[in-house]
Each structure stands twice: as C-alpha cells, then as structure tokens.
Amino acid sequence: MAEPAKLTLYSDWWSSCSQRVLIVLNIKGLEYEYKAVNLLKGEHFDPEFEKLNPMNYVPALVDGDTVIGDSFAIILYLEDKYPQHPLLPQDPKKKALNLQAASIVSSSIQPLQNLAVLADVFLAPQIYAGLARFQIDMSLYPTLARLNDAYNELPAFQAALPQRQPDVPSPS
Ligand SMILES: N[C@@H](CCC(=O)N[C@@H](CS)C(=O)NCC(=O)O)C(=O)O
C-alpha cells in the first residue's frame, strides 16, 4: 500500500500562528516535514511560496494536493481529519466558547504583531499622550523612550502629532 503523503508545514520559528499549528500537530502525534520561510528576509513574498499562500503568510500546510494557508483553518482541518486527542469539546455551547476565544486571538490580537503593522501605529500615540498629558519620566522606560525617539524622526508620525492638526486650539 502506498504511504500516505507526509504533512508539510511552512513556518517561521518566530511565528505565533505557526506555533499554534505545531502544538496541534504535536498533540495529535502527527509527523510532518518542516519547511522554514524566513519572514524577516521576506521569503514569504517569494513566488514559490506565494503560489502556496497568496496571502503571503505563514503557516501553510500541504497535505497531498490540499494546501491550507491559515492557522485556524489548518487546525480545524487537522481536528476533522485526525480526531485522536480532540481539541474541542462535544458540547455545542462549550465548543462555541472555545472557538470564540480562538477567534479573538487570531482575528483581534495577533494581527497587530505582524511586520506590516508592528503595533507602532498604536504605540506611538499612547507614548505621546503619556508624555504630553502626564509628563511621564521616560528614563524609567528606556525601550519605549528609544521607540519614541525613532517615531519622532519619521515624517508620517510628525505630521500626525496633535499640535500639527488643523483644529488645534490657538494659544490663549
Ligand atoms: N490568519 C492567519 C494569519 C497569519 C499570519 O499573520 N502570519 C504571520 C506570522 S504569525 C505572518 O506570516 N506574518 C508575515 C508578515 O508580518 O509580513 C493565520 O492565522 O494563519
């Protein structure tokens, strides 16, 4: 009998989305081949990888002629195909709660950590507000202070400063 095709996981060691899938592969005791895609080197934009996942994200799972390019879908696929060590409760209410928690992480929390965003857009205004409104002593937060200095050199961040906006009140 022909050996079933081995699962292949395209992943980056630093990827939290891939880490979820690796946990599931391990829980279910599945063998897989690991193919590294270096995100910092931009390998997720290589045409070969783009054919597998046009979204240019890891992880991507290849199982024979099936390619799945999203960790949530991969995990549900593995759950259906390999029911050993189930991940989800049978009870529909408990199952929905589990899926809700997973969806919040995958849709609302993790995307803010992607390279294109790197959370700077959210972080810079909060550091600014801390300084301008509360005169926070930044020497206590050297990493944030360094980030703040870097943001302040960027024209896009400078132009977004509150005092540069058209409705800023004139000094009385
Ligand atoms: N919804 C996708 C998101 C995948 C995703 O955001 N992957 C990140 C690594 S955790 C990535 O490839 N980032 C590339 C980038 O930031 O350019 C999933 O859950 O698989």
# chains A, B, ... in the order shown; residues from 1 in each chain; ligands from 1
>>> residues_near_ligand(ligand="ligand 1", cutoff="9 Å", atoms="only C-alpha atoms and all ligand atoms", output="NGL selection string")
:A and (11-12 or 14-21 or 37 or 39-40 or 42 or 44-45 or 55-60 or 69-74 or 106-107 or 110-118)
>>> atom_distance(atom1="atom CA of A:Thr66", atom2="atom CA of A:Asn98")
25.9 Å
>>> select_by_dssp(residues="stretch 9-119 of chain A", states="strand (DSSP E)", output="PyMOL selection string")
chain A and resi 9-11+32-36+60-63+66-68
>>> write_last_selection(atoms="N, CA and C atoms", output="tab-separated table (two decimals), in the first residue's frame")
chain	number	residue	atom	x	y	z
A	9	LEU	N	4.67	21.48	6.74
A	9	LEU	CA	4.31	22.77	7.34
A	9	LEU	C	5.33	23.82	6.95
A	10	TYR	N	4.86	24.88	6.32
A	10	TYR	CA	5.70	26.04	6.04
A	10	TYR	C	5.55	26.98	7.21
A	11	SER	N	6.67	27.35	7.79
A	11	SER	CA	6.62	28.03	9.08
A	11	SER	C	7.84	28.92	9.25
A	32	TYR	N	5.41	15.39	10.41
A	32	TYR	CA	5.34	16.44	9.39
A	32	TYR	C	6.75	16.83	8.99
A	33	GLU	N	6.82	17.39	7.80
A	33	GLU	CA	8.10	17.96	7.37
A	33	GLU	C	8.03	19.46	7.60
A	34	TYR	N	9.09	20.02	8.14
A	34	TYR	CA	9.10	21.46	8.46
A	34	TYR	C	9.88	22.19	7.37
A	35	LYS	N	9.23	23.18	6.75
A	35	LYS	CA	9.94	23.99	5.75
A	35	LYS	C	9.97	25.43	6.25
A	36	ALA	N	11.16	25.92	6.44
A	36	ALA	CA	11.32	27.26	7.02
A	36	ALA	C	11.11	28.35	5.97
A	60	ALA	N	1.53	27.65	6.34
A	60	ALA	CA	0.75	26.99	5.29
A	60	ALA	C	1.00	25.50	5.45
A	61	LEU	N	-0.07	24.75	5.33
A	61	LEU	CA	0.05	23.29	5.46
A	61	LEU	C	-0.25	22.65	4.12
A	62	VAL	N	0.62	21.73	3.71
A	62	VAL	CA	0.37	20.98	2.48
A	62	VAL	C	0.15	19.53	2.86
A	63	ASP	N	-0.98	19.00	2.40
A	63	ASP	CA	-1.32	17.59	2.66
A	63	ASP	C	-1.73	17.01	1.31
A	66	THR	N	-3.81	19.12	-1.10
A	66	THR	CA	-4.54	20.13	-0.33
A	66	THR	C	-3.55	21.12	0.26
A	67	VAL	N	-3.82	22.41	0.05
A	67	VAL	CA	-2.97	23.45	0.64
A	67	VAL	C	-3.87	24.36	1.46
A	68	ILE	N	-3.49	24.57	2.71
A	68	ILE	CA	-4.31	25.44	3.57
A	68	ILE	C	-3.39	26.53	4.12
>>> select_by_dssp(residues="stretch 71-117 of chain A", states="alpha helix (DSSP H)", output="list in words")
Ser71, Phe72, Ala73, Ile74, Ile75, Leu76, Tyr77, Leu78, Glu79, Asp80, Lys81, Pro92, Lys93, Lys94, Lys95, Ala96, Leu97, Asn98, Leu99, Gln100, Ala101, Ala102 and Ser103 of chain A
>>> atom_distance(atom1="atom CA of A:Pro83", atom2="atom CA of A:Ile104")
24.0 Å
>>> closest_residue(among="A:Tyr77, A:Tyr82, A:Phe49, A:Phe157", to="A:Lys28", atoms="only C-alpha atoms")
A:Tyr82
>>> closest_atom_pairs(of="stretch 55-164 of chain A", to="stretch 22-25 of chain A", cutoff="9 Å", atoms="only C-alpha atoms", output="CSV")
residue,atom,partner,partner_atom,distance
A:Ile75,CA,A:Val24,CA,6.8
A:Leu78,CA,A:Val24,CA,7.9
A:Glu79,CA,A:Val24,CA,8.5
A:Leu87,CA,A:Val24,CA,8.1
>>> decode(residues="stretch 19-105 of chain A", atoms="C-alpha atoms", output="PDB file, in the first residue's frame")
ATOM      1  CA  GLN A  19       3.281  27.781  16.862  1.00  0.00           C
ATOM      2  CA  ARG A  20      -0.471  27.094  17.281  1.00  0.00           C
ATOM      3  CA  VAL A  21      -0.364  24.605  14.448  1.00  0.00           C
ATOM      4  CA  LEU A  22       2.797  22.970  15.792  1.00  0.00           C
ATOM      5  CA  ILE A  23       1.082  22.495  19.155  1.00  0.00           C
ATOM      6  CA  VAL A  24      -1.817  20.731  17.429  1.00  0.00           C
ATOM      7  CA  LEU A  25       0.481  18.571  15.282  1.00  0.00           C
ATOM      8  CA  ASN A  26       2.270  17.555  18.468  1.00  0.00           C
ATOM      9  CA  ILE A  27      -0.914  16.927  20.484  1.00  0.00           C
ATOM     10  CA  LYS A  28      -2.219  14.709  17.717  1.00  0.00           C
ATOM     11  CA  GLY A  29       1.127  12.963  17.300  1.00  0.00           C
ATOM     12  CA  LEU A  30       1.357  13.715  13.580  1.00  0.00           C
ATOM     13  CA  GLU A  31       4.548  13.503  11.587  1.00  0.00           C
ATOM     14  CA  TYR A  32       5.343  16.438   9.387  1.00  0.00           C
ATOM     15  CA  GLU A  33       8.099  17.959   7.374  1.00  0.00           C
ATOM     16  CA  TYR A  34       9.104  21.460   8.461  1.00  0.00           C
ATOM     17  CA  LYS A  35       9.942  23.990   5.747  1.00  0.00           C
ATOM     18  CA  ALA A  36      11.315  27.260   7.019  1.00  0.00           C
ATOM     19  CA  VAL A  37      10.131  30.539   5.499  1.00  0.00           C
ATOM     20  CA  ASN A  38      12.199  33.414   6.873  1.00  0.00           C
ATOM     21  CA  LEU A  39       9.789  36.322   7.339  1.00  0.00           C
ATOM     22  CA  LEU A  40      12.491  38.843   8.213  1.00  0.00           C
ATOM     23  CA  LYS A  41      14.220  38.020   4.910  1.00  0.00           C
ATOM     24  CA  GLY A  42      10.871  38.405   3.124  1.00  0.00           C
ATOM     25  CA  GLU A  43      10.799  34.799   1.958  1.00  0.00           C
ATOM     26  CA  HIS A  44       7.017  34.799   2.335  1.00  0.00           C
ATOM     27  CA  PHE A  45       6.967  37.005  -0.780  1.00  0.00           C
ATOM     28  CA  ASP A  46       8.987  34.524  -2.874  1.00  0.00           C
ATOM     29  CA  PRO A  47       6.891  33.499  -5.908  1.00  0.00           C
ATOM     30  CA  GLU A  48       7.158  29.812  -4.977  1.00  0.00           C
ATOM     31  CA  PHE A  49       5.677  30.436  -1.534  1.00  0.00           C
ATOM     32  CA  GLU A  50       3.160  32.913  -2.905  1.00  0.00           C
ATOM     33  CA  LYS A  51       1.758  30.120  -5.075  1.00  0.00           C
ATOM     34  CA  LEU A  52       1.017  28.192  -1.877  1.00  0.00           C
ATOM     35  CA  ASN A  53      -0.344  31.122   0.085  1.00  0.00           C
ATOM     36  CA  PRO A  54      -1.244  34.200  -1.961  1.00  0.00           C
ATOM     37  CA  MET A  55      -1.836  35.999   1.364  1.00  0.00           C
ATOM     38  CA  ASN A  56       1.947  35.752   1.974  1.00  0.00           C
ATOM     39  CA  TYR A  57       1.565  34.492   5.497  1.00  0.00           C
ATOM     40  CA  VAL A  58       2.865  31.516   7.385  1.00  0.00           C
ATOM     41  CA  PRO A  59       1.786  28.963   8.335  1.00  0.00           C
ATOM     42  CA  ALA A  60       0.754  26.989   5.286  1.00  0.00           C
ATOM     43  CA  LEU A  61       0.049  23.292   5.462  1.00  0.00           C
ATOM     44  CA  VAL A  62       0.371  20.982   2.481  1.00  0.00           C
ATOM     45  CA  ASP A  63      -1.316  17.592   2.657  1.00  0.00           C
ATOM     46  CA  GLY A  64      -1.059  15.884  -0.719  1.00  0.00           C
ATOM     47  CA  ASP A  65      -2.869  18.167  -3.129  1.00  0.00           C
ATOM     48  CA  THR A  66      -4.539  20.129  -0.333  1.00  0.00           C
ATOM     49  CA  VAL A  67      -2.970  23.450   0.635  1.00  0.00           C
ATOM     50  CA  ILE A  68      -4.306  25.439   3.568  1.00  0.00           C
ATOM     51  CA  GLY A  69      -2.935  28.896   4.299  1.00  0.00           C
ATOM     52  CA  ASP A  70      -4.482  29.903   7.598  1.00  0.00           C
ATOM     53  CA  SER A  71      -3.729  28.517  11.037  1.00  0.00           C
ATOM     54  CA  PHE A  72      -7.373  28.422  12.175  1.00  0.00           C
ATOM     55  CA  ALA A  73      -8.418  26.516   9.049  1.00  0.00           C
ATOM     56  CA  ILE A  74      -5.386  24.232   9.359  1.00  0.00           C
ATOM     57  CA  ILE A  75      -6.239  23.410  12.957  1.00  0.00           C
ATOM     58  CA  LEU A  76      -9.887  22.671  12.168  1.00  0.00           C
ATOM     59  CA  TYR A  77      -8.768  20.539   9.209  1.00  0.00           C
ATOM     60  CA  LEU A  78      -6.405  18.548  11.415  1.00  0.00           C
ATOM     61  CA  GLU A  79      -9.134  18.201  14.037  1.00  0.00           C
ATOM     62  CA  ASP A  80     -11.553  16.761  11.449  1.00  0.00           C
ATOM     63  CA  LYS A  81      -9.049  14.530   9.709  1.00  0.00           C
ATOM     64  CA  TYR A  82      -7.236  13.280  12.801  1.00  0.00           C
ATOM     65  CA  PRO A  83      -9.847  13.017  15.564  1.00  0.00           C
ATOM     66  CA  GLN A  84      -7.403  11.483  18.063  1.00  0.00           C
ATOM     67  CA  HIS A  85      -6.783  13.717  21.107  1.00  0.00           C
ATOM     68  CA  PRO A  86      -9.712  16.034  20.294  1.00  0.00           C
ATOM     69  CA  LEU A  87      -9.152  19.753  20.750  1.00  0.00           C
ATOM     70  CA  LEU A  88     -12.762  20.858  21.070  1.00  0.00           C
ATOM     71  CA  PRO A  89     -15.486  19.792  23.487  1.00  0.00           C
ATOM     72  CA  GLN A  90     -18.535  17.978  22.076  1.00  0.00           C
ATOM     73  CA  ASP A  91     -20.992  20.214  23.897  1.00  0.00           C
ATOM     74  CA  PRO A  92     -22.048  22.929  21.388  1.00  0.00           C
ATOM     75  CA  LYS A  93     -22.018  25.726  23.973  1.00  0.00           C
ATOM     76  CA  LYS A  94     -18.565  24.854  25.271  1.00  0.00           C
ATOM     77  CA  LYS A  95     -17.366  24.386  21.712  1.00  0.00           C
ATOM     78  CA  ALA A  96     -18.647  27.847  20.742  1.00  0.00           C
ATOM     79  CA  LEU A  97     -16.860  29.411  23.713  1.00  0.00           C
ATOM     80  CA  ASN A  98     -13.613  27.733  22.717  1.00  0.00           C
ATOM     81  CA  LEU A  99     -13.973  28.903  19.125  1.00  0.00           C
ATOM     82  CA  GLN A 100     -14.796  32.404  20.334  1.00  0.00           C
ATOM     83  CA  ALA A 101     -11.593  32.576  22.384  1.00  0.00           C
ATOM     84  CA  ALA A 102      -9.557  31.230  19.460  1.00  0.00           C
ATOM     85  CA  SER A 103     -11.152  33.697  17.051  1.00  0.00           C
ATOM     86  CA  ILE A 104     -10.455  36.670  19.330  1.00  0.00           C
ATOM     87  CA  VAL A 105      -6.765  35.751  19.440  1.00  0.00           C
TER      88      VAL A 105
END
